[in-house]
>>> print(open('entry_20.cif').read())   # mmCIF, C-alpha atoms
data_target
#
loop_
_atom_site.group_PDB
_atom_site.id
_atom_site.type_symbol
_atom_site.label_atom_id
_atom_site.label_comp_id
_atom_site.auth_asym_id
_atom_site.auth_seq_id
_atom_site.Cartn_x
_atom_site.Cartn_y
_atom_site.Cartn_z
ATOM 1 C CA MET F 290 279.306 57.150 130.078
ATOM 2 C CA LYS F 291 275.927 57.764 131.505
ATOM 3 C CA LYS F 292 273.210 58.409 129.041
ATOM 4 C CA LEU F 293 271.619 61.818 129.273
ATOM 5 C CA SER F 294 268.212 61.469 130.779
ATOM 6 C CA ALA F 295 265.351 62.744 128.618
ATOM 7 C CA ARG F 296 264.086 66.178 129.639
ATOM 8 C CA ARG F 297 260.630 66.064 131.107
ATOM 9 C CA ARG F 298 258.028 68.329 129.511
ATOM 10 C CA HIS F 299 256.104 70.799 131.617
ATOM 11 C CA PRO F 300 252.495 69.615 132.220
ATOM 12 C CA LEU F 301 251.088 72.801 130.611
ATOM 13 C CA ALA F 302 253.189 72.569 127.458
ATOM 14 C CA ALA F 303 250.470 70.727 125.512
ATOM 15 C CA VAL F 304 247.920 73.356 126.525
ATOM 16 C CA VAL F 305 250.178 76.187 125.307
ATOM 17 C CA VAL F 306 250.702 74.445 121.953
ATOM 18 C CA LEU F 307 246.946 73.961 121.561
ATOM 19 C CA LEU F 308 246.236 77.620 122.344
ATOM 20 C CA LEU F 309 248.828 78.766 119.819
ATOM 21 C CA ALA F 310 247.256 76.559 117.174
ATOM 22 C CA LEU F 311 243.800 77.911 117.928
ATOM 23 C CA ALA F 312 245.047 81.492 117.799
ATOM 24 C CA ALA F 313 246.647 80.892 114.401
ATOM 25 C CA THR F 314 243.395 79.572 112.942
ATOM 26 C CA GLY F 315 241.048 82.012 114.640
ATOM 27 C CA GLY F 316 239.650 79.262 116.808
ATOM 28 C CA LEU F 317 240.859 80.963 119.982
ATOM 29 C CA TYR F 318 238.346 83.757 119.460
ATOM 30 C CA ALA F 319 235.592 81.220 118.895
ATOM 31 C CA VAL F 320 236.471 79.511 122.183
ATOM 32 C CA PHE F 321 236.580 82.604 124.374
ATOM 33 C CA ALA F 322 234.161 84.954 122.553
ATOM 34 C CA PRO F 323 230.733 85.464 124.134
ATOM 35 C CA ALA F 324 228.312 82.879 122.783
ATOM 36 C CA ASP F 325 225.654 85.443 121.836
ATOM 37 C CA LYS F 326 228.131 87.564 119.902
ATOM 38 C CA ALA F 327 229.543 84.557 118.088
ATOM 39 C CA GLN F 328 226.064 83.381 117.138
ATOM 40 C CA ALA F 329 225.129 86.871 115.909
ATOM 41 C CA GLU F 330 228.224 87.035 113.726
ATOM 42 C CA THR F 331 227.495 83.591 112.323
ATOM 43 C CA ALA F 332 223.891 84.552 111.562
ATOM 44 C CA GLN F 333 225.076 87.768 109.881
ATOM 45 C CA SER F 334 227.532 85.832 107.723
ATOM 46 C CA LEU F 335 224.795 83.418 106.669
ATOM 47 C CA ALA F 336 222.443 86.319 105.880
ATOM 48 C CA ILE F 337 225.104 87.959 103.705
ATOM 49 C CA GLU F 338 225.702 84.702 101.862
ATOM 50 C CA GLU F 339 221.979 84.176 101.179
ATOM 51 C CA GLY F 340 221.601 87.830 100.219
ATOM 52 C CA LYS F 341 224.378 87.457 97.683
ATOM 53 C CA LYS F 342 222.437 84.653 95.989
ATOM 54 C CA LEU F 343 219.236 86.719 95.899
ATOM 55 C CA TYR F 344 221.154 89.708 94.551
ATOM 56 C CA ALA F 345 222.701 87.663 91.729
ATOM 57 C CA VAL F 346 219.245 86.572 90.565
ATOM 58 C CA GLY F 347 217.150 89.703 91.068
ATOM 59 C CA CYS F 348 219.446 92.744 91.126
ATOM 60 C CA ALA F 349 222.774 92.160 89.373
ATOM 61 C CA SER F 350 221.386 92.587 85.856
ATOM 62 C CA CYS F 351 220.726 96.282 86.528
ATOM 63 C CA HIS F 352 223.045 97.207 89.398
ATOM 64 C CA GLY F 353 226.084 95.164 88.361
ATOM 65 C CA THR F 354 227.503 91.972 89.796
ATOM 66 C CA GLY F 355 229.405 93.887 92.461
ATOM 67 C CA GLY F 356 226.943 96.724 93.010
ATOM 68 C CA GLN F 357 228.960 99.054 90.779
ATOM 69 C CA GLY F 358 225.874 100.093 88.805
ATOM 70 C CA SER F 359 225.188 100.200 85.079
ATOM 71 C CA SER F 360 223.222 102.172 82.505
ATOM 72 C CA ASP F 361 220.063 100.495 83.853
ATOM 73 C CA GLY F 362 220.619 101.076 87.566
ATOM 74 C CA PRO F 363 222.638 103.229 89.987
ATOM 75 C CA PRO F 364 225.556 101.884 92.062
ATOM 76 C CA LEU F 365 224.663 100.399 95.438
ATOM 77 C CA VAL F 366 228.020 100.570 97.192
ATOM 78 C CA GLY F 367 227.481 102.647 100.329
ATOM 79 C CA VAL F 368 223.693 103.042 100.094
ATOM 80 C CA GLY F 369 223.301 101.056 103.300
ATOM 81 C CA ALA F 370 220.864 98.434 104.525
ATOM 82 C CA ALA F 371 218.146 101.027 105.259
ATOM 83 C CA ALA F 372 217.890 102.001 101.585
ATOM 84 C CA VAL F 373 217.432 98.354 100.603
ATOM 85 C CA ASP F 374 214.805 97.765 103.293
ATOM 86 C CA PHE F 375 212.858 100.810 102.070
ATOM 87 C CA GLN F 376 213.102 100.242 98.311
ATOM 88 C CA VAL F 377 212.459 96.493 98.373
ATOM 89 C CA GLY F 378 210.073 96.575 101.327
ATOM 90 C CA THR F 379 207.767 99.057 99.579
ATOM 91 C CA GLY F 380 207.890 97.100 96.318
ATOM 92 C CA ARG F 381 209.655 99.865 94.411
ATOM 93 C CA MET F 382 212.475 97.452 93.704
ATOM 94 C CA PRO F 383 212.847 95.448 91.627
ATOM 95 C CA MET F 384 211.248 97.684 88.978
ATOM 96 C CA MET F 385 208.860 96.079 86.508
ATOM 97 C CA ALA F 386 210.018 98.448 83.741
ATOM 98 C CA GLN F 387 212.238 101.482 83.379
ATOM 99 C CA GLY F 388 210.396 104.754 83.957
ATOM 100 C CA ALA F 389 210.614 108.232 85.410
ATOM 101 C CA GLN F 390 210.014 106.879 88.902
ATOM 102 C CA ALA F 391 209.614 103.528 90.614
ATOM 103 C CA PRO F 392 206.033 103.280 91.938
ATOM 104 C CA LYS F 393 205.070 101.699 95.227
ATOM 105 C CA LYS F 394 203.623 98.202 94.827
ATOM 106 C CA LYS F 395 203.321 94.897 96.619
ATOM 107 C CA ALA F 396 206.690 93.602 97.806
ATOM 108 C CA VAL F 397 208.164 90.746 95.773
ATOM 109 C CA TYR F 398 210.377 89.402 98.576
ATOM 110 C CA THR F 399 209.511 88.254 102.075
ATOM 111 C CA GLN F 400 210.847 90.278 105.017
ATOM 112 C CA ALA F 401 213.405 87.559 105.720
ATOM 113 C CA GLU F 402 214.693 87.802 102.138
ATOM 114 C CA ILE F 403 214.711 91.605 102.343
ATOM 115 C CA ASP F 404 216.845 91.368 105.487
ATOM 116 C CA GLN F 405 219.273 89.092 103.641
ATOM 117 C CA LEU F 406 219.512 91.439 100.657
ATOM 118 C CA ALA F 407 220.006 94.365 103.026
ATOM 119 C CA ALA F 408 222.782 92.502 104.838
ATOM 120 C CA TYR F 409 224.622 91.745 101.594
ATOM 121 C CA ILE F 410 224.313 95.228 100.085
ATOM 122 C CA GLY F 411 225.045 96.822 103.450
ATOM 123 C CA ALA F 412 228.306 94.853 103.542
ATOM 124 C CA MET F 413 229.393 96.460 100.244
ATOM 125 C CA GLY F 414 230.111 99.747 102.008
ATOM 126 C CA ALA F 415 229.223 101.831 105.023
ATOM 127 C CA GLY F 416 225.720 103.342 104.906
ATOM 128 C CA PRO F 417 222.590 103.890 107.026
ATOM 129 C CA SER F 418 221.519 100.754 108.867
ATOM 130 C CA ILE F 419 217.939 99.596 109.335
ATOM 131 C CA PRO F 420 216.508 101.622 112.240
ATOM 132 C CA THR F 421 215.281 100.007 115.421
ATOM 133 C CA LYS F 422 211.711 100.401 116.675
ATOM 134 C CA LYS F 423 212.963 102.753 119.373
ATOM 135 C CA GLN F 424 214.312 105.086 116.683
ATOM 136 C CA TYR F 425 211.145 105.381 114.595
ATOM 137 C CA SER F 426 208.369 104.844 117.149
ATOM 138 C CA PRO F 427 206.162 107.984 117.343
ATOM 139 C CA GLU F 428 205.169 107.223 120.932
ATOM 140 C CA GLY F 429 205.766 110.284 123.121
ATOM 141 C CA ALA F 430 206.918 112.436 120.193
ATOM 142 C CA ASP F 431 206.151 116.156 119.819
ATOM 143 C CA ILE F 432 203.456 116.365 117.120
ATOM 144 C CA ALA F 433 203.473 120.182 117.050
ATOM 145 C CA ASN F 434 207.218 120.283 116.411
ATOM 146 C CA GLY F 435 206.809 117.549 113.807
ATOM 147 C CA GLY F 436 204.183 119.620 112.000
ATOM 148 C CA GLU F 437 206.469 122.655 111.895
ATOM 149 C CA LEU F 438 209.389 120.583 110.635
ATOM 150 C CA PHE F 439 207.203 118.902 108.017
ATOM 151 C CA ARG F 440 205.858 122.202 106.685
ATOM 152 C CA ASN F 441 209.373 123.641 106.476
ATOM 153 C CA ASN F 442 211.096 120.629 104.911
ATOM 154 C CA CYS F 443 208.518 118.345 103.272
ATOM 155 C CA ALA F 444 205.314 120.205 102.385
ATOM 156 C CA GLN F 445 206.765 121.741 99.223
ATOM 157 C CA CYS F 446 206.567 118.327 97.565
ATOM 158 C CA HIS F 447 204.310 116.134 99.711
ATOM 159 C CA ASN F 448 201.608 118.741 100.486
ATOM 160 C CA PHE F 449 201.346 119.964 104.059
ATOM 161 C CA THR F 450 199.393 116.895 105.199
ATOM 162 C CA GLY F 451 201.384 114.371 103.158
ATOM 163 C CA GLN F 452 198.843 113.891 100.359
ATOM 164 C CA GLY F 453 201.584 113.961 97.715
ATOM 165 C CA GLY F 454 202.009 116.101 94.637
ATOM 166 C CA ALA F 455 203.311 116.282 91.081
ATOM 167 C CA LEU F 456 206.929 117.094 90.198
ATOM 168 C CA THR F 457 208.623 117.600 86.838
ATOM 169 C CA LYS F 458 209.164 115.174 83.931
ATOM 170 C CA GLY F 459 206.657 112.578 85.093
ATOM 171 C CA LYS F 460 207.990 112.389 88.635
ATOM 172 C CA TYR F 461 205.907 112.868 91.756
ATOM 173 C CA ALA F 462 206.063 113.012 95.532
ATOM 174 C CA PRO F 463 204.023 110.041 96.798
ATOM 175 C CA GLY F 464 201.279 110.301 99.368
ATOM 176 C CA LEU F 465 202.306 109.326 102.890
ATOM 177 C CA ASP F 466 198.981 107.968 104.096
ATOM 178 C CA GLY F 467 199.447 104.371 105.253
ATOM 179 C CA VAL F 468 203.264 104.396 105.068
ATOM 180 C CA SER F 469 204.770 102.568 108.057
ATOM 181 C CA PRO F 470 206.835 104.557 110.587
ATOM 182 C CA LYS F 471 209.902 102.461 109.752
ATOM 183 C CA HIS F 472 209.692 103.277 106.043
ATOM 184 C CA LEU F 473 209.086 106.960 106.802
ATOM 185 C CA TYR F 474 212.249 107.002 108.913
ATOM 186 C CA GLU F 475 214.252 105.162 106.254
ATOM 187 C CA ALA F 476 213.063 107.560 103.553
ATOM 188 C CA MET F 477 214.295 110.520 105.590
ATOM 189 C CA GLN F 478 217.592 108.745 106.241
ATOM 190 C CA THR F 479 218.338 107.691 102.680
ATOM 191 C CA GLY F 480 216.525 110.139 100.381
ATOM 192 C CA PRO F 481 214.996 107.733 97.838
ATOM 193 C CA GLN F 482 214.639 108.801 94.197
ATOM 194 C CA ASN F 483 213.853 112.557 94.069
ATOM 195 C CA MET F 484 213.839 113.109 97.822
ATOM 196 C CA PRO F 485 216.781 114.736 99.639
ATOM 197 C CA SER F 486 218.280 112.799 102.530
ATOM 198 C CA PHE F 487 218.131 113.977 106.135
ATOM 199 C CA PRO F 488 220.897 112.193 108.080
ATOM 200 C CA ASP F 489 221.191 112.605 111.837
ATOM 201 C CA THR F 490 223.749 115.383 111.317
ATOM 202 C CA THR F 491 221.086 117.391 109.461
ATOM 203 C CA MET F 492 217.929 116.223 111.227
ATOM 204 C CA PRO F 493 218.363 114.528 114.622
ATOM 205 C CA GLU F 494 216.605 111.276 115.421
ATOM 206 C CA LYS F 495 214.121 113.043 117.714
ATOM 207 C CA ASP F 496 213.014 115.398 114.920
ATOM 208 C CA LYS F 497 212.426 112.450 112.595
ATOM 209 C CA ARG F 498 210.235 110.832 115.220
ATOM 210 C CA ASP F 499 208.297 114.089 115.627
ATOM 211 C CA ILE F 500 207.661 114.228 111.872
ATOM 212 C CA ILE F 501 206.483 110.609 111.865
ATOM 213 C CA ALA F 502 204.108 111.410 114.723
ATOM 214 C CA TYR F 503 202.718 114.398 112.789
ATOM 215 C CA VAL F 504 202.168 112.400 109.588
ATOM 216 C CA ASN F 505 200.373 109.691 111.570
ATOM 217 C CA ALA F 506 198.258 112.303 113.366
ATOM 218 C CA VAL F 507 197.000 114.049 110.217
ATOM 219 C CA ASN F 508 196.393 110.808 108.312
ATOM 220 C CA GLY F 509 195.472 108.367 111.069
ATOM 221 C CA ASP F 510 192.199 106.561 111.680
ATOM 222 C CA LYS F 511 191.317 108.976 114.495
ATOM 223 C CA THR F 512 191.848 112.095 112.390
ATOM 224 C CA VAL F 513 188.736 114.277 112.224
ATOM 225 C CA HIS F 514 187.720 115.315 108.700
ATOM 226 C CA ASN F 515 185.117 118.016 108.290
ATOM 227 C CA GLY F 516 183.693 116.503 105.123
ATOM 228 C CA GLY F 517 183.818 117.531 101.519
ATOM 229 C CA LEU F 518 186.674 117.260 99.069
ATOM 230 C CA ASN F 519 189.480 118.719 101.171
ATOM 231 C CA LEU F 520 191.963 119.612 98.398
ATOM 232 C CA GLY F 521 194.844 117.722 99.963
ATOM 233 C CA GLY F 522 194.090 118.748 103.511
ATOM 234 C CA LEU F 523 193.238 122.383 102.859
ATOM 235 C CA GLY F 524 189.712 121.868 104.154
ATOM 236 C CA PRO F 525 186.171 121.458 102.767
ATOM 237 C CA VAL F 526 186.454 124.532 100.522
ATOM 238 C CA SER F 527 186.088 122.782 97.192
ATOM 239 C CA GLU F 528 182.301 123.284 97.319
ATOM 240 C CA GLY F 529 182.841 127.016 97.751
ATOM 241 C CA LEU F 530 185.346 127.012 94.897
ATOM 242 C CA PHE F 531 182.789 125.223 92.714
ATOM 243 C CA ALA F 532 180.104 127.778 93.618
ATOM 244 C CA TRP F 533 182.488 130.682 93.005
ATOM 245 C CA ILE F 534 183.640 129.538 89.587
ATOM 246 C CA PHE F 535 180.521 127.925 88.155
ATOM 247 C CA GLY F 536 177.986 130.022 90.094
ATOM 248 C CA LEU F 537 179.622 133.297 89.123
ATOM 249 C CA GLY F 538 180.030 132.021 85.585
ATOM 250 C CA ALA F 539 176.339 131.173 85.418
ATOM 251 C CA LEU F 540 175.445 134.651 86.653
ATOM 252 C CA ILE F 541 177.620 136.259 83.989
ATOM 253 C CA VAL F 542 176.081 134.116 81.243
ATOM 254 C CA THR F 543 172.597 134.954 82.533
ATOM 255 C CA ALA F 544 173.377 138.675 82.572
ATOM 256 C CA ILE F 545 174.637 138.531 78.992
ATOM 257 C CA TRP F 546 171.540 136.602 77.893
ATOM 258 C CA VAL F 547 169.186 139.108 79.598
ATOM 259 C CA ALA F 548 171.048 142.059 78.039
ATOM 260 C CA ALA F 549 170.850 140.479 74.618
ATOM 261 C CA ARG F 550 167.118 139.789 74.982
ATOM 262 C CA THR F 551 166.524 143.328 76.171
ATOM 263 C CA ALA F 552 168.404 144.841 73.236
ATOM 264 C CA LYS F 553 166.507 142.653 70.816
ATOM 265 C CA ALA F 554 163.186 143.648 72.366
ATOM 266 C CA LYS F 555 163.993 147.348 72.017
ATOM 267 C CA LYS F 556 164.850 146.971 68.307
ATOM 268 C CA SER F 557 161.602 145.216 67.618
#
>>> encode(input="entry_20.cif", output="structure tokens")
Amino acid sequence: MKKLSARRRHPLAAVVVLLLALAATGGLYAVFAPADKAQAETAQSLAIEEGKKLYAVGCASCHGTGGQGSSDGPPLVGVGAAAVDFQVGTGRMPMMAQGAQAPKKKAVYTQAEIDQLAAYIGAMGAGPSIPTKKQYSPEGADIANGGELFRNNCAQCHNFTGQGGALTKGKYAPGLDGVSPKHLYEAMQTGPQNMPSFPDTTMPEKDKRDIIAYVNAVNGDKTVHNGGLNLGGLGPVSEGLFAWIFGLGALIVTAIWVAARTAKAKKS
């Protein structure tokens, strides 16, 4: 009997087996995915991993190991990267001590560390992402429209030029002078502390940019001030108020003194 000759393998068989192995391990995507996209995903994964370490040291004691919150801090699942960039970037977080409101102070973390924390907390659940410069840049915005929007939506707490104001139970609306456009945008997006949020469904991106342009215009270096204590942007009327209250008061006291002297002189 003739021995059966061994079947010859197709030249591409080894390639097919290799591709199947790569597909099973996810390596196929790594081979054919665009290099820039693959590098971006790798960088994001590394940022999340580093952010997790920073979170465990500086945030977990108040907000819980998984961002679920506790009696000392609210939950962070779904707050988004923008909320982290605002709160940590303005130094409000981490808080030095529990209080009615977290005050603005010098940031504890570097911007690179803030980005890592934002990446980790942003991965906990869907939420507003950190805006791009194109989104918050006031260049070319409508300042007049921004002023109208600000007076209708913000002036009740922040004063109509963003000088800030007192709220209830030790809380306050902070002044907006010197706040960066990015942080202004993030505050409108996320509604930190006592502030309501204004997502794009409520206030479009263009309107946010207009408001930022208005705040910069009324508090910028080129803003013209007419002098005097302006009472939060009302104008140099404090001198007139002083004259009205104390000047009129002095006149009343003088009139009473003259009347009393006159009555005394008549009796004598």
>>> residues_around(input="entry_20.cif", residues="Met413 of chain F", least_positions_apart="4", cutoff="9 Å", atoms="all atoms listed in the file", output="compact mmCIF listing (two decimals) with C-alpha atoms, in the frame of the given file")
# COMPACT_ATOMS: atom_id res chain seq x y z
CA GLY F 355 229.40 93.89 92.46
CA GLY F 356 226.94 96.72 93.01
CA LEU F 365 224.66 100.40 95.44
CA VAL F 366 228.02 100.57 97.19
CA GLY F 367 227.48 102.65 100.33
CA VAL F 368 223.69 103.04 100.09
CA GLY F 369 223.30 101.06 103.30
CA ALA F 408 222.78 92.50 104.84
CA TYR F 409 224.62 91.74 101.59
>>> resolve_selection(input="entry_20.cif", expression="the PyMOL selection byres ((chain F and resi 486-495) around 9)", output="PyMOL selection string")
chain F and resi 417+424-425+430-431+474+476-481+484-485+496-500
>>> residues_around(input="entry_20.cif", residues="Cys446 of chain F", least_positions_apart="3", cutoff="10 Å", atoms="all atoms listed in the file", output="VMD selection string")
chain F and resid 440 442 to 443 449 451 to 456 461 to 464 483 to 484
>>> resolve_selection(input="entry_20.cif", expression="the PyMOL selection byres ((chain F and resi 349-352) around 12)", output="VMD selection string")
chain F and resid 340 to 348 353 to 366 382 to 387 406 410
>>> resolve_selection(input="entry_20.cif", expression="the PyMOL selection byres ((chain F and resi 400-403) around 8)", output="list in words")
Gly340, Leu343, Val373, Asp374, Val377, Gly378, Tyr398, Thr399, Asp404, Gln405, Leu406 and Ala407 of chain F
>>> closest_residue(input="entry_20.cif", among="F:Ala506, F:Gly529, F:Ala396, F:Glu437", to="Arg381 of chain F", atoms="all atoms listed in the file")
F:Ala396
>>> atom_distance(input="entry_20.cif", atom1="atom CA of Glu428 of chain F", atom2="atom CA of Ile501 of chain F")
9.8 Å
>>> atom_distance(input="entry_20.cif", atom1="atom CA of Asp466 of chain F", atom2="atom CA of His447 of chain F")
10.7 Å
>>> atom_distance(input="entry_20.cif", atom1="atom CA of Lys556 of chain F", atom2="atom CA of Leu540 of chain F")
24.5 Å
>>> closest_residue(input="entry_20.cif", among="F:Gly538, F:Gly509, F:Pro420, F:Gly436", to="Lys471 of chain F", atoms="all atoms listed in the file")
F:Pro420
>>> closest_residue(input="entry_20.cif", among="F:Ala336, F:Ile419, F:Val397, F:Phe439", to="Ala371 of chain F", atoms="only C-alpha atoms")
F:Ile419
